[in-house]
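*Asks:* Sending over upload.cif (mmCIF, C-alpha atoms).
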```cif
data_run
#
loop_
_atom_site.label_atom_id
_atom_site.label_comp_id
_atom_site.auth_asym_id
_atom_site.auth_seq_id
_atom_site.Cartn_x
_atom_site.Cartn_y
_atom_site.Cartn_z
CA MET A 1 -9.01 16.03 6.03
CA ILE A 2 -9.48 13.71 3.06
CA THR A 3 -12.95 13.97 1.51
CA PRO A 4 -14.53 11.22 -0.61
CA ASP A 5 -13.65 13.21 -3.75
CA ALA A 6 -10.02 13.47 -2.64
CA LEU A 7 -10.01 9.76 -1.79
CA LEU A 8 -11.31 8.92 -5.26
CA THR A 9 -8.59 11.09 -6.81
CA MET A 10 -6.04 9.25 -4.67
CA ILE A 11 -7.29 5.82 -5.74
CA ASN A 12 -7.36 6.89 -9.38
CA ASN A 13 -3.77 8.11 -9.10
CA ILE A 14 -2.72 4.86 -7.40
CA GLY A 15 -4.28 2.87 -10.21
CA GLU A 16 -2.49 4.89 -12.87
CA ALA A 17 0.85 4.59 -11.03
CA ILE A 18 0.50 0.83 -10.70
CA LYS A 19 -0.29 0.54 -14.40
CA GLU A 20 2.71 2.72 -15.26
CA ASN A 21 4.97 0.51 -13.14
CA LYS A 22 3.55 -2.78 -14.42
CA GLU A 23 6.71 -3.86 -16.24
CA PHE A 24 9.04 -2.70 -13.45
CA LEU A 25 7.12 -4.65 -10.80
CA THR A 26 6.95 -7.71 -13.03
CA ASP A 27 10.71 -7.54 -13.68
CA LEU A 28 11.35 -7.44 -9.93
CA ASP A 29 9.09 -10.44 -9.45
CA THR A 30 10.75 -12.33 -12.30
CA ALA A 31 14.02 -12.31 -10.35
CA ILE A 32 12.64 -13.91 -7.18
CA GLY A 33 8.96 -14.76 -7.62
CA ASP A 34 6.26 -15.81 -10.05
CA SER A 35 6.92 -13.08 -12.65
CA ASP A 36 3.38 -11.75 -12.31
CA HIS A 37 3.24 -9.09 -9.58
CA GLY A 38 3.05 -6.13 -11.95
CA ILE A 39 0.67 -7.92 -14.30
CA ASN A 40 -1.69 -8.92 -11.49
CA MET A 41 -1.60 -5.55 -9.74
CA SER A 42 -2.21 -3.69 -13.00
CA LYS A 43 -5.14 -5.95 -13.81
CA GLY A 44 -6.62 -5.41 -10.36
CA PHE A 45 -6.29 -1.65 -10.31
CA SER A 46 -7.59 -1.37 -13.86
CA ALA A 47 -10.74 -3.09 -12.56
CA VAL A 48 -10.78 -0.70 -9.60
CA LEU A 49 -10.66 2.34 -11.89
CA ASN A 50 -13.70 1.02 -13.71
CA LYS A 51 -15.62 0.92 -10.42
CA LEU A 52 -14.92 4.47 -9.23
CA ASP A 53 -17.80 6.20 -11.00
CA GLY A 54 -20.22 3.93 -9.15
CA VAL A 55 -19.09 5.09 -5.70
CA ARG A 56 -18.77 8.85 -6.24
CA ASP A 57 -21.59 9.65 -3.81
CA LYS A 58 -20.53 7.11 -1.17
CA ASP A 59 -18.69 7.45 2.12
CA CYS A 60 -14.98 6.71 2.53
CA GLY A 61 -15.61 3.29 4.02
CA ILE A 62 -17.72 2.12 1.09
CA ILE A 63 -15.18 3.47 -1.41
CA LEU A 64 -12.31 1.59 0.25
CA LYS A 65 -14.37 -1.58 0.66
CA THR A 66 -15.20 -1.47 -3.06
CA VAL A 67 -11.48 -1.25 -3.84
CA ALA A 68 -10.83 -4.19 -1.50
CA MET A 69 -13.47 -6.48 -2.95
CA THR A 70 -12.43 -5.64 -6.50
CA LEU A 71 -8.79 -6.49 -5.79
CA ILE A 72 -9.74 -9.73 -4.05
CA SER A 73 -11.84 -10.83 -7.01
CA THR A 74 -9.45 -9.83 -9.80
CA VAL A 75 -5.84 -10.01 -8.57
CA GLY A 76 -4.17 -13.40 -8.77
CA GLY A 77 -1.52 -14.91 -6.52
CA ALA A 78 -0.85 -13.63 -3.02
CA SER A 79 -1.28 -9.98 -3.94
CA GLY A 80 -5.07 -10.10 -4.24
CA PRO A 81 -5.78 -11.41 -0.73
CA LEU A 82 -3.05 -9.26 0.84
CA TYR A 83 -3.95 -5.95 -0.81
CA GLY A 84 -7.63 -6.77 -0.55
CA THR A 85 -7.22 -7.33 3.18
CA ALA A 86 -5.25 -4.09 3.45
CA PHE A 87 -7.99 -1.99 1.87
CA LEU A 88 -10.69 -3.86 3.79
CA LYS A 89 -8.98 -3.13 7.11
CA ALA A 90 -8.52 0.52 6.12
CA ALA A 91 -12.21 0.70 5.24
CA SER A 92 -13.21 -0.56 8.68
CA VAL A 93 -11.64 2.50 10.32
CA VAL A 94 -13.70 5.00 8.31
CA ASN A 95 -16.93 3.06 7.89
CA GLY A 96 -19.74 5.58 7.38
CA LYS A 97 -17.41 8.60 7.48
CA MET A 98 -17.47 11.36 4.88
CA TYR A 99 -13.89 12.39 5.64
CA ILE A 100 -10.59 10.92 6.85
CA ASP A 101 -8.75 12.92 9.51
CA ARG A 102 -5.12 12.72 10.64
CA ASN A 103 -5.90 10.28 13.44
CA ASP A 104 -7.75 8.04 10.99
CA THR A 105 -4.71 7.85 8.72
CA VAL A 106 -2.54 6.47 11.52
CA GLN A 107 -5.19 3.99 12.62
CA MET A 108 -5.84 2.91 9.04
CA LEU A 109 -2.18 2.13 8.41
CA PHE A 110 -1.99 0.28 11.72
CA GLU A 111 -4.99 -1.86 10.78
CA VAL A 112 -3.57 -2.44 7.29
CA ILE A 113 -0.38 -3.81 8.84
CA GLN A 114 -2.24 -6.02 11.33
CA GLY A 115 -4.38 -7.42 8.52
CA ILE A 116 -1.37 -8.21 6.34
CA LYS A 117 0.50 -9.78 9.24
CA SER A 118 -2.45 -12.04 9.97
CA ARG A 119 -3.20 -12.91 6.35
CA GLY A 120 0.38 -13.47 5.27
CA LYS A 121 1.73 -14.86 8.56
CA SER A 122 4.64 -12.47 8.11
CA ASP A 123 6.41 -9.60 9.86
CA LYS A 124 9.12 -7.03 9.34
CA GLY A 125 12.34 -8.67 8.20
CA ASP A 126 10.68 -11.39 6.12
CA LYS A 127 11.30 -9.51 2.84
CA THR A 128 7.68 -8.55 2.19
CA MET A 129 5.52 -5.46 1.82
CA LEU A 130 5.67 -5.07 5.60
CA ASP A 131 9.30 -3.98 5.31
CA ALA A 132 8.01 -0.81 3.64
CA LEU A 133 4.73 -0.40 5.53
CA ILE A 134 5.90 -0.84 9.12
CA PRO A 135 8.68 1.81 8.98
CA ALA A 136 6.25 4.15 7.21
CA TYR A 137 3.64 3.65 9.95
CA GLU A 138 6.15 4.22 12.74
CA VAL A 139 7.38 7.48 11.22
CA LEU A 140 3.86 8.68 10.33
CA LYS A 141 2.61 8.05 13.87
CA GLU A 142 5.56 9.79 15.49
CA SER A 143 5.37 12.78 13.16
CA LEU A 144 1.64 13.34 13.67
CA GLU A 145 1.94 12.87 17.43
CA ASN A 146 4.57 15.62 17.35
CA GLY A 147 2.01 17.93 15.74
CA GLU A 148 3.52 18.08 12.27
CA GLU A 149 1.36 18.71 9.21
CA ILE A 150 0.00 15.59 7.54
CA ILE A 151 1.87 16.27 4.29
CA ILE A 152 5.17 16.54 6.19
CA ALA A 153 4.32 13.35 8.07
CA PHE A 154 3.63 11.50 4.82
CA GLU A 155 6.82 12.81 3.24
CA LYS A 156 8.77 11.30 6.14
CA ALA A 157 6.74 8.09 5.94
CA VAL A 158 7.45 7.70 2.24
CA THR A 159 11.17 8.20 2.85
CA ALA A 160 11.02 5.47 5.51
CA ALA A 161 9.15 3.18 3.12
CA LYS A 162 11.80 3.76 0.44
CA GLU A 163 14.51 2.87 2.95
CA GLY A 164 12.50 -0.25 3.76
CA VAL A 165 12.50 -1.24 0.10
CA GLU A 166 16.27 -0.83 -0.01
CA TYR A 167 16.54 -2.94 3.16
CA THR A 168 14.78 -5.83 1.42
CA LYS A 169 17.76 -6.13 -0.91
CA THR A 170 19.95 -7.13 2.03
CA ILE A 171 17.85 -9.93 3.53
CA ILE A 172 16.73 -13.46 2.72
CA ALA A 173 13.11 -13.96 1.74
CA ARG A 174 11.19 -16.01 4.29
CA LYS A 175 7.75 -15.94 2.71
CA GLY A 176 6.20 -16.76 -0.64
CA ARG A 177 7.85 -18.07 -3.78
CA ALA A 178 10.96 -15.97 -3.12
CA SER A 179 11.66 -18.03 0.01
CA TYR A 180 12.29 -21.08 -2.20
CA ILE A 181 15.54 -19.66 -3.53
CA GLY A 182 16.97 -18.88 -0.09
CA GLU A 183 20.19 -16.87 -0.09
CA ARG A 184 19.87 -16.19 -3.82
CA SER A 185 17.07 -13.75 -2.94
CA ILE A 186 19.68 -11.45 -1.38
CA GLY A 187 20.46 -8.52 -3.68
CA HIS A 188 16.93 -8.28 -5.04
CA GLN A 189 14.32 -5.83 -3.76
CA ASP A 190 10.94 -7.20 -2.85
CA PRO A 191 8.17 -6.51 -5.40
CA GLY A 192 5.45 -6.23 -2.73
CA ALA A 193 7.47 -3.74 -0.70
CA THR A 194 8.01 -1.80 -3.91
CA SER A 195 4.32 -1.64 -4.83
CA SER A 196 3.52 -0.61 -1.25
CA TYR A 197 6.08 2.20 -1.53
CA ILE A 198 4.55 3.31 -4.83
CA ILE A 199 1.09 3.46 -3.23
CA LEU A 200 2.34 5.45 -0.23
CA LYS A 201 4.18 7.87 -2.52
CA VAL A 202 1.01 8.44 -4.56
CA ILE A 203 -0.94 9.12 -1.36
CA LYS A 204 1.65 11.72 -0.38
CA ASP A 205 1.69 13.30 -3.84
CA THR A 206 -2.13 13.42 -3.97
CA LEU A 207 -2.34 15.01 -0.54
CA LYS A 208 -0.13 17.80 -1.88
CA GLU A 209 -2.34 18.06 -4.94
CA VAL A 210 -5.68 18.34 -3.11
CA ASN A 211 -4.58 20.51 -0.18
#
```
What is this file in structure tokens?

*Replies:*
Amino acid sequence: MITPDALLTMINNIGEAIKENKEFLTDLDTAIGDSDHGINMSKGFSAVLNKLDGVRDKDCGIILKTVAMTLISTVGGASGPLYGTAFLKAASVVNGKMYIDRNDTVQMLFEVIQGIKSRGKSDKGDKTMLDALIPAYEVLKESLENGEEIIIAFEKAVTAAKEGVEYTKTIIARKGRASYIGERSIGHQDPGATSSYIILKVIKDTLKEVN
């Protein structure tokens, strides 16, 4: 189970990891995008970190919705709407709940993916964040259905997400600014898939920390 305190720790750790990887994510985006993914994500999560003290006594749904609305209002480009939608969809699963259980985690990731698909009009194979998230979801769901511990399930999910990031190097971008350069996008990993992997890895690491 993930309590509100554990969730806040998780979000804080995500924010710090995004800030630490600001230059790396921006460099990835410079190769095939607008050169601002790391800058925008760092700005958004810095704003999120400033909001955490105000939701320390709130339920998991309110915490995640606060993250969502902060990202939507502060992150430029496509990342704000996409990550904002992701956190908003995750929040809908645990609205009013004071804990997140193993079944919630699977449903949350499912809803995150559906929200991103709808918002970005994209799917697996388009060289987007979904190339990390969808494999992670599939592995997480299978692992938990097989009765494995949630930390083990997330370890497998993170490995799948990392493989998804590597996969984006081999395909042509079909969405966003990267799609404008066509075959020249091959050989470069997708920044959005990379930031999604970073977030999933932090979730896994924090689960180990709080359990």

*Asks:* Between CA of Arg56 (chain A) and CA of Gly76 (chain A), what distance in Å does the model show, to one decimal?

*Replies:* 26.7 Å

*Asks:* Just checking: using only C-alpha atoms, which residue out of A:Asp34, A:Asp131, A:Asp101, A:Glu149 ends up closest to Glu166 (chain A)?

*Replies:*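 Counting only C-alpha atoms, the residue closest to Glu166 (chain A) is A:Asp131.
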
*Asks:* Can you tell me, as an NGL selection string, what residues are no more than 10 Å from Lys201 (chain A) when counting only C-alpha atoms, ignoring any on the same chain fewer than 2 positions away?

*Replies:* :A and (14 or 17 or 154-155 or 157-159 or 161-162 or 195-199 or 203-207)

*Asks:* Report the distance between CA of Gly125 (chain A) and CA of Leu25 (chain A) in Å, rounded to one decimal place.

*Replies:*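 Answer for the CA of Gly125 (chain A) to CA of Leu25 (chain A) separation: 20.1 Å.
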
*Asks:* Starting from the shown file, work through the PyMOL selection byres ((chain A and resi 100) around 6) and note down what comes out as a PyMOL selection string.

*Replies:* chain A and resi 1-2+99+101+104

*Asks:* What gap, in Å, lies between CA of Ala136 (chain A) and CA of Ala86 (chain A)?

*Replies:*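 Taking CA of Ala136 (chain A) and CA of Ala86 (chain A), their separation equals 14.6 Å.
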
*Asks:* Skip Gly84 (chain A) itself and residues of its chain fewer than 3 positions away, then list as a ChimeraX atom specification all residues within 6 Å of it, counting all atoms listed in the file.

*Replies:* /A:68,71-72,80-81,87

*Asks:* For the provided coordinates, the residues matched by the PyMOL selection byres ((chain A and resi 42) around 9) should be stated as a PyMOL selection string.

*Replies:* chain A and resi 15-16+18-22+37-41+43-47+75

*Asks:* Give as a PDB file with C-alpha atoms, in the coordinates of the input the residues that the PyMOL selection byres ((chain A and resi 175) around 12) matches when applied to the coordinates above.

*Replies:*
```
ATOM      1  CA  ILE A  32      12.640 -13.910  -7.180  1.00  0.00           C
ATOM      2  CA  GLY A  33       8.960 -14.760  -7.620  1.00  0.00           C
ATOM      3  CA  ALA A  78      -0.850 -13.630  -3.020  1.00  0.00           C
ATOM      4  CA  LYS A 117       0.500  -9.780   9.240  1.00  0.00           C
ATOM      5  CA  ARG A 119      -3.200 -12.910   6.350  1.00  0.00           C
ATOM      6  CA  GLY A 120       0.380 -13.470   5.270  1.00  0.00           C
ATOM      7  CA  LYS A 121       1.730 -14.860   8.560  1.00  0.00           C
ATOM      8  CA  SER A 122       4.640 -12.470   8.110  1.00  0.00           C
ATOM      9  CA  ASP A 123       6.410  -9.600   9.860  1.00  0.00           C
ATOM     10  CA  LYS A 124       9.120  -7.030   9.340  1.00  0.00           C
ATOM     11  CA  GLY A 125      12.340  -8.670   8.200  1.00  0.00           C
ATOM     12  CA  ASP A 126      10.680 -11.390   6.120  1.00  0.00           C
ATOM     13  CA  LYS A 127      11.300  -9.510   2.840  1.00  0.00           C
ATOM     14  CA  THR A 128       7.680  -8.550   2.190  1.00  0.00           C
ATOM     15  CA  MET A 129       5.520  -5.460   1.820  1.00  0.00           C
ATOM     16  CA  LEU A 130       5.670  -5.070   5.600  1.00  0.00           C
ATOM     17  CA  ILE A 171      17.850  -9.930   3.530  1.00  0.00           C
ATOM     18  CA  ILE A 172      16.730 -13.460   2.720  1.00  0.00           C
ATOM     19  CA  ALA A 173      13.110 -13.960   1.740  1.00  0.00           C
ATOM     20  CA  ARG A 174      11.190 -16.010   4.290  1.00  0.00           C
ATOM     21  CA  GLY A 176       6.200 -16.760  -0.640  1.00  0.00           C
ATOM     22  CA  ARG A 177       7.850 -18.070  -3.780  1.00  0.00           C
ATOM     23  CA  ALA A 178      10.960 -15.970  -3.120  1.00  0.00           C
ATOM     24  CA  SER A 179      11.660 -18.030   0.010  1.00  0.00           C
ATOM     25  CA  TYR A 180      12.290 -21.080  -2.200  1.00  0.00           C
ATOM     26  CA  ILE A 181      15.540 -19.660  -3.530  1.00  0.00           C
ATOM     27  CA  GLY A 182      16.970 -18.880  -0.090  1.00  0.00           C
ATOM     28  CA  SER A 185      17.070 -13.750  -2.940  1.00  0.00           C
ATOM     29  CA  ASP A 190      10.940  -7.200  -2.850  1.00  0.00           C
ATOM     30  CA  GLY A 192       5.450  -6.230  -2.730  1.00  0.00           C
TER      31      GLY A 192
END
```

*Asks:* Using only C-alpha atoms, can you tell me which of A:Val48, A:Val93, A:Ala160, A:Ala153 comes closest to Ser73 (chain A)?

*Replies:*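 For Ser73 (chain A), the nearest of the given residues is A:Val48.
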